[in-house]
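Trainee: My questions all concern the structure below.
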Amino acid sequence: MSTVTVTDSPAPAQAARPVYKVTGRRVLRSEWAKLWSLRSTWITLGLALLFLVAFGVIGAAHYKSELNSGRPMRGGEVAETALSLSVFGTNFAQLALGVLGVLITAGEYSTGMIRSTLAAVPRRLPVLWAKASMFGLIALAVATGGVFAAFTIDSGIVSDTPAALSLSDAGVVRSLLGAGLYLGLVGVIGTALGAVLRSVAGGISVLVASLMLVPGLISLLPSSWQDDISPYLPSNAGESMFALTHDSSSLSPTAGLVVFLGWTVLALAGAAYRLVRTDA
């Protein structure tokens with residue numbers, strides 16, 4: 001009787017899967033690709049740029065038209081300068097950039113894509129830092145380009161009027177850079193609010209309320225309270241960053257920057273806390 005010996009042949013070795021290390025650069029590249037793959041990014045950034053340039057030009061054209069009409073100008077119009085006219089669109093551009101910031105973070109929660117993002121980056125916080133820093137720099141670049149373009153056009157329109165200014169005049173470049181920085185930080189705050197609230201509607205509502213509604217409500221308080229609170233509101237502190245002149249009721253450009261940076265850090269701290277402490 002013969003015995004048959006069966007020898008097990010070794011199973012073919014599977015190819016080892018490459019191990020990818022999560023780095024800050026790779027997280028930034030991922031967020032960059034996601035941002036520019038959305039049509040809303042191009043549209044909203046285009047709107048922000050349009051608001052800055054178009055409203056600045058419209059304001060300058062209206063000022064010159066009123067000046068040439070021969071009618072007495074109102075107090076606010078008399079004090080206008082090429083700079084104040086060129087930053088007139090910041091009130092509208094801040095909404096566009098802030099809303100896009102909210103969409104960058106809250107939009108992933110509404111679609112469920114945030115789970116894939118956090119699975120790829122388990123430490124979580126690098127995702128927030130990448131989103132905030134990347135969009136803040138993009139918003140800064142768009143806003144700065146917009147206000148400088150608006151000022152260049154407005155300077156030509158009002159060149160022969162009392163509102164005429166040039167880049168060589170004291171405080172002009174500082175104010176234009178301050179306007180760009182303010183709008184860049186608004187984009188960062190929008191990103192943080194989207195991460196805190198995880199709702200597009202909620203983030204936009206809080207953004208609009210903090211920048212536009214709360215200052216109006218503060219005006220209902222007694223005058224002594226207004227003087228103590230109003231300069232430190234986000235919108236008023238931000239406005240002092242790019243105002244050419246200041247009075248006793250407003251902060252200096254440096255103080256306004258410090259206060260607005262404080263609001264930005266507070267929003268980012270809230271976003272970081274919720275991102276780490278709660279599930280997606």
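Scheme for the structure tokens: letters A, B, ... for chains in order shown; per-chain residue numbers from 1; ligand numbers from 1 in order shown.
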Quick one: everything within 10 Å of range 149-166 of chain A, counting only C-alpha atoms, minus sequence neighbours fewer than 5 positions away in the same chain. Send it as a PyMOL selection string.

Mentor: chain A and resi 49-61+63-64+67-68+77-89+143-144+172-173+176

Trainee: Please dump the current selection as a compact mmCIF listing (two decimals), in the first residue's frame; keep N, CA, C and O atoms.

Mentor:
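Here's the written file selection13.txt:
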```
# COMPACT_ATOMS: atom_id res chain seq x y z
N LEU A 49 -14.93 89.76 -5.48
CA LEU A 49 -14.11 90.69 -6.26
C LEU A 49 -14.98 91.71 -6.99
O LEU A 49 -14.66 92.91 -7.04
N LEU A 50 -16.10 91.25 -7.53
CA LEU A 50 -17.02 92.15 -8.22
C LEU A 50 -17.60 93.18 -7.27
O LEU A 50 -17.70 94.37 -7.62
N PHE A 51 -17.99 92.76 -6.08
CA PHE A 51 -18.55 93.69 -5.10
C PHE A 51 -17.53 94.79 -4.75
O PHE A 51 -17.88 95.97 -4.67
N LEU A 52 -16.29 94.39 -4.53
CA LEU A 52 -15.27 95.37 -4.15
C LEU A 52 -15.05 96.40 -5.25
O LEU A 52 -15.03 97.61 -4.98
N VAL A 53 -14.89 95.94 -6.47
CA VAL A 53 -14.58 96.85 -7.56
C VAL A 53 -15.82 97.62 -8.01
O VAL A 53 -15.80 98.85 -8.14
N ALA A 54 -16.92 96.90 -8.23
CA ALA A 54 -18.12 97.54 -8.78
C ALA A 54 -18.71 98.57 -7.83
O ALA A 54 -19.00 99.70 -8.25
N PHE A 55 -18.86 98.23 -6.56
CA PHE A 55 -19.46 99.18 -5.62
C PHE A 55 -18.51 100.35 -5.36
O PHE A 55 -18.96 101.48 -5.13
N GLY A 56 -17.20 100.10 -5.40
CA GLY A 56 -16.27 101.21 -5.26
C GLY A 56 -16.38 102.18 -6.42
O GLY A 56 -16.40 103.40 -6.23
N VAL A 57 -16.48 101.66 -7.64
CA VAL A 57 -16.60 102.51 -8.82
C VAL A 57 -17.95 103.24 -8.83
O VAL A 57 -18.03 104.43 -9.16
N ILE A 58 -19.02 102.53 -8.47
CA ILE A 58 -20.34 103.17 -8.41
C ILE A 58 -20.34 104.31 -7.39
O ILE A 58 -20.88 105.40 -7.64
N GLY A 59 -19.72 104.07 -6.23
CA GLY A 59 -19.65 105.12 -5.22
C GLY A 59 -18.89 106.34 -5.71
O GLY A 59 -19.30 107.48 -5.47
N ALA A 60 -17.77 106.12 -6.39
CA ALA A 60 -16.98 107.23 -6.91
C ALA A 60 -17.73 107.99 -7.99
O ALA A 60 -17.71 109.23 -8.03
N ALA A 61 -18.41 107.25 -8.87
CA ALA A 61 -19.17 107.90 -9.94
C ALA A 61 -20.32 108.72 -9.35
O ALA A 61 -20.61 109.84 -9.83
N TYR A 63 -20.41 110.06 -6.34
CA TYR A 63 -19.83 111.23 -5.67
C TYR A 63 -19.54 112.35 -6.67
O TYR A 63 -19.88 113.51 -6.44
N LYS A 64 -18.91 112.01 -7.77
CA LYS A 64 -18.56 113.04 -8.76
C LYS A 64 -19.81 113.61 -9.40
O LYS A 64 -19.87 114.82 -9.69
N LEU A 67 -21.21 116.06 -7.00
CA LEU A 67 -20.35 117.24 -6.93
C LEU A 67 -20.57 118.16 -8.12
O LEU A 67 -20.59 119.40 -7.98
N ASN A 68 -20.77 117.58 -9.29
CA ASN A 68 -20.94 118.38 -10.51
C ASN A 68 -22.37 118.88 -10.69
O ASN A 68 -22.62 119.70 -11.57
N GLU A 77 -21.27 112.92 2.50
CA GLU A 77 -20.68 112.96 1.16
C GLU A 77 -19.50 113.93 1.11
O GLU A 77 -18.53 113.69 0.38
N VAL A 78 -19.58 115.03 1.86
CA VAL A 78 -18.49 116.00 1.86
C VAL A 78 -17.20 115.37 2.38
O VAL A 78 -16.10 115.68 1.91
N ALA A 79 -17.31 114.46 3.35
CA ALA A 79 -16.13 113.86 3.97
C ALA A 79 -15.58 112.68 3.19
O ALA A 79 -14.58 112.09 3.60
N GLU A 80 -16.20 112.31 2.07
CA GLU A 80 -15.73 111.14 1.31
C GLU A 80 -14.36 111.40 0.71
O GLU A 80 -14.01 112.52 0.34
N THR A 81 -13.59 110.31 0.62
CA THR A 81 -12.29 110.36 -0.04
C THR A 81 -12.22 109.20 -1.03
O THR A 81 -13.07 108.30 -1.02
N ALA A 82 -11.20 109.22 -1.87
CA ALA A 82 -11.02 108.11 -2.81
C ALA A 82 -10.87 106.79 -2.07
O ALA A 82 -11.30 105.74 -2.55
N LEU A 83 -10.27 106.85 -0.88
CA LEU A 83 -10.10 105.63 -0.09
C LEU A 83 -11.43 105.12 0.45
O LEU A 83 -11.75 103.94 0.31
N SER A 84 -12.21 106.00 1.07
CA SER A 84 -13.49 105.57 1.64
C SER A 84 -14.43 105.06 0.55
O SER A 84 -15.21 104.13 0.77
N LEU A 85 -14.36 105.64 -0.63
CA LEU A 85 -15.19 105.18 -1.74
C LEU A 85 -14.72 103.81 -2.25
O LEU A 85 -15.54 102.96 -2.60
N SER A 86 -13.42 103.57 -2.25
CA SER A 86 -12.89 102.31 -2.79
C SER A 86 -13.13 101.14 -1.85
O SER A 86 -13.14 99.99 -2.30
N VAL A 87 -13.32 101.39 -0.55
CA VAL A 87 -13.59 100.29 0.39
C VAL A 87 -15.08 100.18 0.70
O VAL A 87 -15.46 99.44 1.60
N PHE A 88 -15.90 100.91 -0.05
CA PHE A 88 -17.34 100.85 0.18
C PHE A 88 -17.88 99.44 -0.01
O PHE A 88 -18.83 99.02 0.65
N GLY A 89 -17.29 98.67 -0.90
CA GLY A 89 -17.78 97.33 -1.19
C GLY A 89 -17.41 96.27 -0.17
O GLY A 89 -17.83 95.11 -0.30
N ALA A 143 -9.22 89.86 -1.76
CA ALA A 143 -9.68 91.13 -1.20
C ALA A 143 -8.65 92.24 -1.41
O ALA A 143 -9.02 93.36 -1.78
N THR A 144 -7.39 91.93 -1.19
CA THR A 144 -6.36 92.95 -1.38
C THR A 144 -6.29 93.40 -2.83
O THR A 144 -6.21 94.60 -3.13
N VAL A 172 -2.74 105.65 3.24
CA VAL A 172 -3.56 105.04 2.19
C VAL A 172 -3.20 103.55 2.00
O VAL A 172 -4.07 102.68 2.02
N VAL A 173 -1.92 103.27 1.83
CA VAL A 173 -1.50 101.87 1.63
C VAL A 173 -1.84 101.04 2.86
O VAL A 173 -2.32 99.90 2.75
N LEU A 176 -5.57 100.24 2.77
CA LEU A 176 -5.92 99.25 1.76
C LEU A 176 -5.49 97.86 2.18
O LEU A 176 -6.24 96.88 2.02
```

Trainee: Can you tell me which residues surround range 94-100 of chain A at a distance of at most 6 Å, considering only C-alpha atoms, apart from same-chain residues fewer than 5 positions away, and format the answer as a ChimeraX atom specification?

Mentor: /A:44,48,183,186-187,190,204

Trainee: Which residue is closest to Val258 in chain A? Choose from A:Leu128, A:Tyr232, A:Gly270, A:Leu103 and count only C-alpha atoms.

Mentor: A:Tyr232

Trainee: What is the CA of Ala271 in chain A-CA of Ala195 in chain A distance in Å, reported with one decimal?

Mentor: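 Rounded to one decimal, the two atoms are 5.3 Å apart.
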
Trainee: Separation of CA of Leu213 in chain A and CA of Val196 in chain A, in Å?

Mentor: 20.0 Å

Trainee: Return as a PyMOL selection string the full set of residues in range 196-259 of chain A whose backbone-based DSSP assignment is helix (DSSP H, G or I).

Mentor: chain A and resi 196-197+200-218+223-232+234-242+253-259

Trainee: Write a file of the selected residues as a compact mmCIF listing (two decimals), in the first residue's frame, keeping C-alpha atoms.

Mentor:
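Output file selection_26.txt is given in full below:
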```
# COMPACT_ATOMS: atom_id res chain seq x y z
CA VAL A 196 -18.54 74.94 15.27
CA LEU A 197 -22.16 74.83 14.14
CA VAL A 200 -24.58 75.94 6.58
CA ALA A 201 -27.73 77.85 7.54
CA GLY A 202 -26.66 78.19 11.18
CA GLY A 203 -23.15 79.33 10.31
CA ILE A 204 -24.37 81.95 7.83
CA SER A 205 -26.95 83.22 10.31
CA VAL A 206 -24.41 83.70 13.09
CA LEU A 207 -21.97 85.32 10.66
CA VAL A 208 -24.52 87.85 9.40
CA ALA A 209 -25.78 88.54 12.91
CA SER A 210 -22.30 89.19 14.34
CA LEU A 211 -21.16 91.42 11.48
CA MET A 212 -24.35 93.31 10.62
CA LEU A 213 -27.21 92.85 13.10
CA VAL A 214 -25.48 93.10 16.49
CA PRO A 215 -24.01 96.59 15.80
CA GLY A 216 -27.52 97.84 15.07
CA LEU A 217 -28.88 96.31 18.27
CA ILE A 218 -26.10 97.90 20.32
CA SER A 223 -25.02 105.94 25.17
CA SER A 224 -22.53 105.18 27.94
CA TRP A 225 -22.83 101.45 27.21
CA GLN A 226 -22.48 102.01 23.48
CA ASP A 227 -19.18 103.82 23.95
CA ASP A 228 -17.81 100.94 26.02
CA ILE A 229 -19.05 98.06 23.83
CA SER A 230 -19.37 99.27 20.25
CA PRO A 231 -15.64 99.71 19.38
CA TYR A 232 -14.93 96.09 20.35
CA PRO A 234 -16.07 92.44 15.30
CA SER A 235 -17.31 94.68 12.50
CA ASN A 236 -16.38 97.95 14.22
CA ALA A 237 -12.95 96.69 15.25
CA GLY A 238 -12.40 95.48 11.71
CA GLU A 239 -13.49 98.80 10.24
CA SER A 240 -10.93 100.63 12.35
CA MET A 241 -8.23 98.52 10.65
CA PHE A 242 -8.79 100.28 7.34
CA PRO A 253 -5.66 100.49 13.50
CA THR A 254 -3.35 98.42 15.71
CA ALA A 255 -5.89 98.05 18.50
CA GLY A 256 -8.59 97.16 15.97
CA LEU A 257 -6.34 94.47 14.50
CA VAL A 258 -5.63 93.02 17.95
CA VAL A 259 -9.33 92.93 18.85
```

Trainee: In terms of the shortest atom-to-atom distance over only C-alpha atoms, which of A:Met134, A:Ile114, A:Leu167, A:Ile104 is closest to Leu38 in chain A?

Mentor: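 Of the candidates, the smallest distance to Leu38 in chain A is held by A:Ile104.
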
Trainee: So, counting only C-alpha atoms, which residue among A:Ala243, A:Val102, A:Leu177, A:Ala267 is closest to Gly194 in chain A?

Mentor: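 The answer is A:Val102, which sits nearest to Gly194 in chain A.
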
Trainee: Between CA of Ser175 in chain A and CA of Trp32 in chain A, what is the spacing in Å?

Mentor: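 These atoms are spaced 29.3 Å apart.
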